[in-house]
$ cat entry_12.cif   # mmCIF, C-alpha atoms
data_entry
#
loop_
_atom_site.label_atom_id
_atom_site.label_comp_id
_atom_site.auth_asym_id
_atom_site.auth_seq_id
_atom_site.Cartn_x
_atom_site.Cartn_y
_atom_site.Cartn_z
CA MET G 1 6.03 23.03 3.33
CA LEU G 2 7.28 19.71 2.01
CA THR G 3 10.99 19.15 1.56
CA LYS G 4 12.43 18.18 -1.82
CA GLU G 5 12.97 14.63 -0.56
CA GLU G 6 9.35 14.37 0.60
CA LEU G 7 8.12 15.60 -2.79
CA ARG G 8 10.29 12.99 -4.51
CA GLN G 9 8.87 10.36 -2.17
CA ILE G 10 5.30 11.40 -3.00
CA ARG G 11 5.97 11.22 -6.75
CA ARG G 12 7.58 7.81 -6.29
CA ILE G 13 4.58 6.50 -4.34
CA SER G 14 2.15 8.02 -6.84
CA LEU G 15 3.85 6.35 -9.81
CA GLN G 16 4.25 3.07 -7.95
CA ALA G 17 0.62 3.05 -6.83
CA GLY G 18 -0.64 3.73 -10.36
CA ARG G 19 1.42 0.92 -11.89
CA ARG G 20 0.63 -1.63 -9.20
CA VAL G 21 -3.08 -0.87 -9.30
CA ASP G 22 -3.17 -1.61 -13.04
CA SER G 23 -0.94 -4.68 -12.90
CA LEU G 24 -1.96 -6.31 -9.63
CA PHE G 25 -5.25 -5.53 -7.95
CA ALA G 26 -7.54 -3.27 -10.00
CA GLY G 27 -9.71 -6.30 -10.89
CA GLY G 28 -9.64 -7.51 -7.30
CA TYR G 29 -10.80 -4.13 -6.06
CA ARG G 30 -13.68 -4.12 -8.52
CA SER G 31 -14.87 -7.62 -7.65
CA ALA G 32 -14.53 -7.00 -3.91
CA PHE G 33 -16.14 -3.56 -3.69
CA ARG G 34 -17.77 -2.45 -6.90
CA GLY G 35 -21.44 -3.19 -7.40
CA ARG G 36 -21.86 -5.06 -4.13
CA GLY G 37 -23.79 -2.32 -2.33
CA MET G 38 -27.58 -2.38 -2.61
CA GLU G 39 -30.09 0.37 -1.93
CA PHE G 40 -33.78 -0.12 -1.10
CA GLU G 41 -36.06 1.10 -3.90
CA GLU G 42 -39.65 -0.11 -3.32
CA VAL G 43 -41.91 -2.96 -2.18
CA ARG G 44 -43.91 -5.09 -4.64
CA PRO G 45 -46.10 -8.19 -4.48
CA TYR G 46 -44.30 -11.50 -4.08
CA VAL G 47 -43.99 -13.71 -7.19
CA ALA G 48 -42.81 -17.31 -7.38
CA GLY G 49 -39.05 -17.50 -7.32
CA ASP G 50 -38.44 -14.37 -5.21
CA ASP G 51 -35.96 -14.69 -2.35
CA VAL G 52 -38.00 -15.20 0.82
CA ARG G 53 -35.32 -13.31 2.78
CA HIS G 54 -36.54 -10.13 1.06
CA ILE G 55 -40.12 -10.43 2.32
CA ASP G 56 -41.22 -7.22 4.04
CA TRP G 57 -43.13 -8.67 6.99
CA ASN G 58 -44.41 -5.29 8.20
CA VAL G 59 -46.11 -4.46 4.89
CA THR G 60 -47.29 -8.06 4.50
CA ALA G 61 -48.92 -7.99 7.95
CA ARG G 62 -50.79 -4.78 7.12
CA SER G 63 -52.11 -6.17 3.81
CA HIS G 64 -53.65 -9.25 5.54
CA GLU G 65 -53.95 -11.08 2.20
CA GLU G 66 -50.88 -10.48 0.03
CA VAL G 67 -47.16 -11.05 0.57
CA PHE G 68 -44.80 -8.20 -0.34
CA VAL G 69 -41.03 -8.22 -0.95
CA LYS G 70 -38.45 -5.44 -0.86
CA GLU G 71 -36.95 -4.46 -4.19
CA PHE G 72 -33.32 -3.32 -4.24
CA ARG G 73 -31.18 -1.69 -6.88
CA GLU G 74 -27.42 -1.86 -7.24
CA GLU G 75 -25.48 1.21 -6.28
CA ARG G 76 -23.99 2.70 -9.43
CA GLU G 77 -21.44 4.89 -7.73
CA LEU G 78 -19.27 3.78 -4.85
CA THR G 79 -17.85 6.08 -2.19
CA LEU G 80 -14.51 5.02 -0.74
CA MET G 81 -13.63 6.78 2.53
CA LEU G 82 -10.01 6.57 3.66
CA VAL G 83 -9.62 7.05 7.42
CA LEU G 84 -5.99 7.57 8.42
CA ASP G 85 -4.46 7.56 11.89
CA CYS G 86 -1.77 10.27 12.27
CA SER G 87 -1.22 9.87 16.01
CA GLY G 88 2.26 9.77 17.56
CA SER G 89 2.66 6.00 17.42
CA MET G 90 2.30 6.03 13.62
CA ALA G 91 5.66 7.79 13.25
CA PHE G 92 7.44 4.67 14.54
CA GLY G 93 9.28 2.19 12.35
CA SER G 94 12.52 0.24 12.53
CA GLU G 95 13.29 0.66 8.81
CA THR G 96 10.15 1.91 7.06
CA ASP G 97 7.88 3.89 9.38
CA LYS G 98 4.18 3.14 9.59
CA ARG G 99 3.24 6.50 8.13
CA LEU G 100 5.07 5.73 4.85
CA GLN G 101 3.25 2.39 4.61
CA MET G 102 0.00 4.23 5.29
CA ALA G 103 0.72 6.58 2.36
CA ARG G 104 1.33 3.60 0.07
CA LEU G 105 -1.89 1.90 1.15
CA ALA G 106 -3.89 5.11 0.79
CA GLY G 107 -2.37 5.75 -2.63
CA GLY G 108 -3.16 2.24 -3.86
CA LEU G 109 -6.75 2.41 -2.64
CA ALA G 110 -7.29 5.91 -4.05
CA TYR G 111 -5.95 4.95 -7.47
CA ALA G 112 -8.04 1.77 -7.56
CA ALA G 113 -11.16 3.82 -6.81
CA ILE G 114 -10.37 6.41 -9.48
CA ARG G 115 -9.71 3.66 -12.05
CA ASN G 116 -13.21 2.35 -11.32
CA ASP G 117 -14.84 5.80 -11.49
CA ASP G 118 -15.60 5.86 -7.76
CA ARG G 119 -15.48 8.80 -5.38
CA VAL G 120 -12.72 9.04 -2.76
CA GLY G 121 -12.81 10.93 0.52
CA LEU G 122 -10.22 11.38 3.25
CA CYS G 123 -10.43 11.68 7.02
CA VAL G 124 -7.26 12.19 9.07
CA PHE G 125 -7.52 11.87 12.85
CA THR G 126 -5.51 11.88 16.06
CA ASP G 127 -7.51 12.43 19.25
CA GLN G 128 -9.59 14.81 17.12
CA ILE G 129 -10.60 15.06 13.46
CA GLU G 130 -7.69 17.00 11.94
CA LEU G 131 -8.65 16.92 8.27
CA PHE G 132 -11.76 15.98 6.34
CA VAL G 133 -11.78 15.98 2.53
CA PRO G 134 -15.26 15.28 1.06
CA PRO G 135 -15.46 12.43 -1.48
CA ARG G 136 -14.70 13.39 -5.08
CA LYS G 137 -13.54 11.63 -8.21
CA SER G 138 -10.69 12.86 -10.39
CA ARG G 139 -7.15 11.79 -11.09
CA GLY G 140 -5.82 14.87 -9.35
CA HIS G 141 -7.81 13.91 -6.26
CA ALA G 142 -5.82 10.67 -5.84
CA TRP G 143 -2.62 12.73 -5.95
CA ARG G 144 -4.06 15.06 -3.30
CA VAL G 145 -4.85 12.13 -0.99
CA ILE G 146 -1.25 10.89 -1.12
CA ARG G 147 0.11 14.41 -0.69
CA GLU G 148 -2.11 15.12 2.33
CA VAL G 149 -0.71 12.06 4.13
CA PHE G 150 2.77 13.57 3.86
CA GLU G 151 1.95 17.26 4.10
CA HIS G 152 -0.40 17.15 7.06
CA ARG G 153 1.38 17.97 10.30
CA PRO G 154 -0.79 16.68 13.13
CA ALA G 155 -1.63 19.18 15.83
CA ARG G 156 -2.08 16.44 18.43
CA THR G 157 -0.39 13.13 19.23
CA GLY G 158 -3.14 11.11 20.95
CA THR G 159 -5.61 8.66 19.40
CA ASP G 160 -9.41 8.72 19.50
CA LEU G 161 -10.49 5.97 17.13
CA VAL G 162 -13.97 5.80 18.64
CA GLY G 163 -14.46 9.52 17.98
CA ALA G 164 -13.37 9.09 14.36
CA ALA G 165 -15.83 6.21 13.83
CA GLU G 166 -18.68 8.16 15.43
CA HIS G 167 -17.88 11.24 13.29
CA LEU G 168 -18.06 9.17 10.10
CA GLY G 169 -21.36 7.67 11.22
CA LYS G 170 -22.78 11.21 11.32
CA VAL G 171 -21.33 12.66 8.10
CA LEU G 172 -21.68 9.69 5.72
CA LYS G 173 -25.30 9.83 4.64
CA ARG G 174 -25.10 7.12 1.95
CA ARG G 175 -23.64 3.65 2.17
CA ALA G 176 -19.86 3.71 1.67
CA VAL G 177 -16.74 1.57 1.88
CA VAL G 178 -14.76 2.83 4.87
CA CYS G 179 -11.08 1.84 5.10
CA PHE G 180 -9.28 2.50 8.40
CA VAL G 181 -5.48 2.53 8.25
CA SER G 182 -4.05 2.55 11.77
CA ASP G 183 -1.91 0.55 14.17
CA PHE G 184 -5.06 0.27 16.36
CA LEU G 185 -2.89 0.65 19.47
CA VAL G 186 -5.60 2.22 21.61
CA GLU G 187 -6.82 1.78 25.15
CA GLN G 188 -10.43 2.35 24.06
CA ASP G 189 -12.96 -0.41 23.52
CA VAL G 190 -13.57 0.22 19.83
CA ARG G 191 -15.95 -2.68 19.15
CA ARG G 192 -19.25 -0.85 19.75
CA ALA G 193 -18.34 2.19 17.61
CA MET G 194 -16.93 0.04 14.81
CA ALA G 195 -19.91 -2.32 14.90
CA SER G 196 -22.31 0.64 14.67
CA LEU G 197 -20.42 1.94 11.62
CA ALA G 198 -20.27 -1.55 10.06
CA SER G 199 -24.05 -1.88 10.36
CA LYS G 200 -24.47 0.94 7.83
CA HIS G 201 -21.27 0.78 5.79
CA ARG G 202 -18.74 -1.80 4.63
CA VAL G 203 -15.78 -1.36 6.99
CA HIS G 204 -12.20 -2.53 6.37
CA GLY G 205 -9.32 -2.23 8.82
CA PHE G 206 -5.63 -2.37 7.91
CA VAL G 207 -3.56 -2.97 11.06
CA LEU G 208 -0.10 -1.47 10.63
CA HIS G 209 2.70 -2.88 12.76
CA ASP G 210 6.47 -3.07 12.97
CA PRO G 211 8.46 -6.22 13.90
CA LEU G 212 10.33 -4.28 16.58
CA GLU G 213 7.06 -3.72 18.47
CA ALA G 214 6.55 -7.45 18.93
CA ALA G 215 10.20 -8.35 19.61
CA PRO G 216 12.25 -5.40 20.89
CA PRO G 217 15.94 -6.03 21.65
CA GLY G 218 16.34 -7.43 25.16
CA VAL G 219 18.77 -4.80 26.45
CA GLY G 220 17.17 -4.35 29.88
CA LEU G 221 15.85 -1.14 31.43
CA VAL G 222 15.61 1.79 29.02
CA GLU G 223 14.02 5.21 29.43
CA VAL G 224 11.74 5.92 26.46
CA LEU G 225 9.46 8.79 25.48
CA ASP G 226 5.80 7.90 24.91
CA ALA G 227 5.04 9.12 21.36
CA GLU G 228 1.40 9.94 22.19
CA THR G 229 1.55 11.39 25.71
CA GLY G 230 5.09 12.86 25.57
CA ARG G 231 5.81 11.42 29.03
CA PRO G 232 9.05 9.53 29.76
CA ARG G 233 8.71 5.90 30.82
CA LEU G 234 11.17 3.39 32.22
CA VAL G 235 10.57 0.01 30.55
CA ASP G 236 12.26 -3.36 30.56
CA LEU G 237 12.67 -4.12 26.84
CA GLY G 238 13.13 -7.79 27.66
CA GLU G 239 9.51 -7.88 28.85
CA PHE G 240 7.99 -5.05 26.82
CA ARG G 241 5.18 -5.60 24.30
CA ALA G 242 3.29 -2.89 22.39
CA GLY G 243 -0.23 -3.33 23.75
CA ALA G 244 -2.48 -5.97 22.20
CA THR G 245 -0.90 -8.38 19.74
CA VAL G 246 -1.60 -8.01 16.03
CA ASP G 247 -3.86 -11.09 16.10
CA GLU G 248 -5.84 -9.63 19.02
CA ARG G 249 -6.33 -6.34 17.17
CA LEU G 250 -7.47 -8.19 14.03
CA ALA G 251 -9.89 -10.30 16.09
CA THR G 252 -11.42 -7.17 17.67
CA LEU G 253 -12.10 -5.65 14.25
CA ARG G 254 -13.57 -8.86 12.86
CA ARG G 255 -15.88 -9.28 15.86
CA ALA G 256 -17.13 -5.75 15.14
CA GLY G 257 -18.07 -6.78 11.59
CA ALA G 258 -15.08 -5.34 9.73
CA TYR G 259 -12.86 -7.06 7.18
CA ALA G 260 -9.33 -6.85 8.60
CA SER G 261 -5.77 -7.49 7.40
CA SER G 262 -2.39 -6.84 8.97
CA VAL G 263 0.35 -4.89 7.20
CA SER G 264 3.94 -5.02 8.44
CA THR G 265 6.34 -2.21 7.66
CA GLU G 266 8.47 -4.87 5.94
CA GLN G 267 5.71 -6.06 3.58
CA ASP G 268 4.77 -4.96 0.08
CA PRO G 269 1.53 -3.05 0.85
CA PHE G 270 0.17 -3.51 -2.67
CA ARG G 271 0.53 -7.29 -2.37
CA VAL G 272 -1.34 -7.12 0.96
CA LEU G 273 -4.17 -5.18 -0.72
CA PHE G 274 -4.36 -7.81 -3.48
CA GLN G 275 -4.61 -10.63 -0.91
CA HIS G 276 -7.18 -8.66 1.11
CA PHE G 277 -9.43 -8.16 -1.94
CA GLU G 278 -9.10 -11.84 -2.81
CA ARG G 279 -10.41 -12.84 0.62
CA VAL G 280 -13.26 -10.31 0.47
CA SER G 281 -14.30 -11.54 -2.99
CA ARG G 282 -14.41 -15.16 -1.82
CA ARG G 283 -16.76 -14.16 1.02
#

$ encode --input "entry_12.cif" --output "structure tokens"
Amino acid sequence: MLTKEELRQIRRISLQAGRRVDSLFAGGYRSAFRGRGMEFEEVRPYVAGDDVRHIDWNVTARSHEEVFVKEFREERELTLMLVLDCSGSMAFGSETDKRLQMARLAGGLAYAAIRNDDRVGLCVFTDQIELFVPPRKSRGHAWRVIREVFEHRPARTGTDLVGAAEHLGKVLKRRAVVCFVSDFLVEQDVRRAMASLASKHRVHGFVLHDPLEAAPPGVGLVEVLDAETGRPRLVDLGEFRAGATVDERLATLRRAGAYASSVSTEQDPFRVLFQHFERVSRR
């Protein structure tokens, strides 16, 4: 059960997300995501002025005489799939923990989708799929998404990002916008799984990080507890760095075909979403 303080926090995020969506990035969301997906409908004979990139060479070769092009139609309903990392490392934060930032990002994205009459789904993972909420559209559904981020108590602490990507590749039958929110601190090579998902869906990655991960206080040798394995480790904080740098994690996602942005625990997450949509729209 949620504590009274957690319920207050959820209501605060819900109200904040609703206001910021309307005032800041609802239009940016629409221009970046809405109406950009295309579905194949039929082939028809080529006419002057058609885009040559849409020529169906297989059908054209079989006809021997006539050139055919593929006809597409715009997707009328968008599916936004939120994929949230609830592994042990996401509970870390020097002032605001990464999980609270994740709730704000998820809330903003869910409200933007609902405002645009899109469906929203939720997938929460650790080293297994812990929760899967099929895509739906209603105002109460956006509230449920935010609540689930707080209310869900992960059964495991590890991270299997590859498994999460492969699971989505199996269950998402129609083209969707898939938004991963994670610190992406994994030892796996995620490029192949993410690239496979990005070949069928539009994938976005939000890399959560905390300033203390990049520059911990140089106090020498300290015994720490690994949040994901539970094992104690002796580390020299003067030399310690939390895995790959933020830029390296962003580069990995972009090479896999995903749009990627970093989100610090000190940043306004709604402003980051606005800037992310601006970049996507320009592309």

$ closest_residue --input "entry_12.cif" --among "G:Val67, G:Val207, G:Ala32, G:Val149" --to "Val47 in chain G" --atoms "all atoms listed in the file"
G:Val67

$ residues_around --input "entry_12.cif" --residues "Leu208 in chain G" --least-positions-apart "6" --cutoff "8 Å" --atoms "all atoms listed in the file" --output "PyMOL selection string"
chain G and resi 98+101-102+181-184+262-265

$ closest_residue --input "entry_12.cif" --among "G:Lys200, G:Arg144, G:Arg115, G:Lys137" --to "Glu166 in chain G" --atoms "all atoms listed in the file"
G:Lys200

$ resolve_selection --input "entry_12.cif" --expression "the PyMOL selection byres ((chain G and resi 104) around 8)" --output "list of chain:residue names"
G:Ile13, G:Ala17, G:Leu100, G:Gln101, G:Met102, G:Ala103, G:Leu105, G:Ala106, G:Gly107, G:Gly108, G:Ile146, G:Pro269, G:Phe270

$ residues_near_point --input "entry_12.cif" --point "(-5.8, 6.0, 12.1)" --cutoff "9 Å" --atoms "all atoms listed in the file" --output "ChimeraX atom specification"
/G:83-87,90,123-126,159-161,164,180-184

$ resolve_selection --input "entry_12.cif" --expression "the PyMOL selection byres ((chain G and resi 248) around 12)" --output "list in words"
Asp183, Phe184, Leu185, Val207, Ala242, Gly243, Ala244, Thr245, Val246, Asp247, Arg249, Leu250, Ala251, Thr252, Leu253, Arg254, Arg255, Ala260, Ser261 and Ser262 of chain G

$ closest_residue --input "entry_12.cif" --among "G:Ala155, G:Ile114, G:Ala165, G:Met194" --to "Gly140 in chain G" --atoms "only C-alpha atoms"
G:Ile114

$ residues_around --input "entry_12.cif" --residues "Arg136 in chain G" --least-positions-apart "3" --cutoff "8 Å" --atoms "all atoms listed in the file" --output "list in words"
Arg119, Val120, Gly121 and His141 of chain G

$ closest_residue --input "entry_12.cif" --among "G:Ala258, G:Leu273, G:Ile129, G:Val171" --to "Ala195 in chain G" --atoms "all atoms listed in the file"
G:Ala258

$ atom_distance --input "entry_12.cif" --atom1 "CA of Lys170 in chain G" --atom2 "CA of His201 in chain G"
11.9 Å

$ resolve_selection --input "entry_12.cif" --expression "the PyMOL selection byres ((chain G and resi 279) around 12)" --output "list in words"
Gly28, Tyr29, Ser31, Ala32, Phe33, His204, Tyr259, Ala260, Ser261, Val272, Leu273, Phe274, Gln275, His276, Phe277, Glu278, Val280, Ser281, Arg282 and Arg283 of chain G

$ axis_aligned_box --input "entry_12.cif" --around "range 176-182 of chain G" --padding-each-side "3 Å" --output "lines of an AutoDock Vina configuration file"
center_x = -12.0
center_y = 2.6
center_z = 6.7
size_x = 21.8
size_y = 8.1
size_z = 16.1

$ atom_distance --input "entry_12.cif" --atom1 "CA of Phe206 in chain G" --atom2 "CA of Cys179 in chain G"
7.4 Å

$ residues_around --input "entry_12.cif" --residues "Val178 in chain G" --least-positions-apart "2" --cutoff "9 Å" --atoms "all atoms listed in the file" --output "VMD selection string"
chain G and resid 79 to 83 168 176 180 197 to 198 201 to 205

$ closest_residue --input "entry_12.cif" --among "G:Arg30, G:Ser94, G:Pro45, G:Ala61" --to "Asp117 in chain G" --atoms "only C-alpha atoms"
G:Arg30
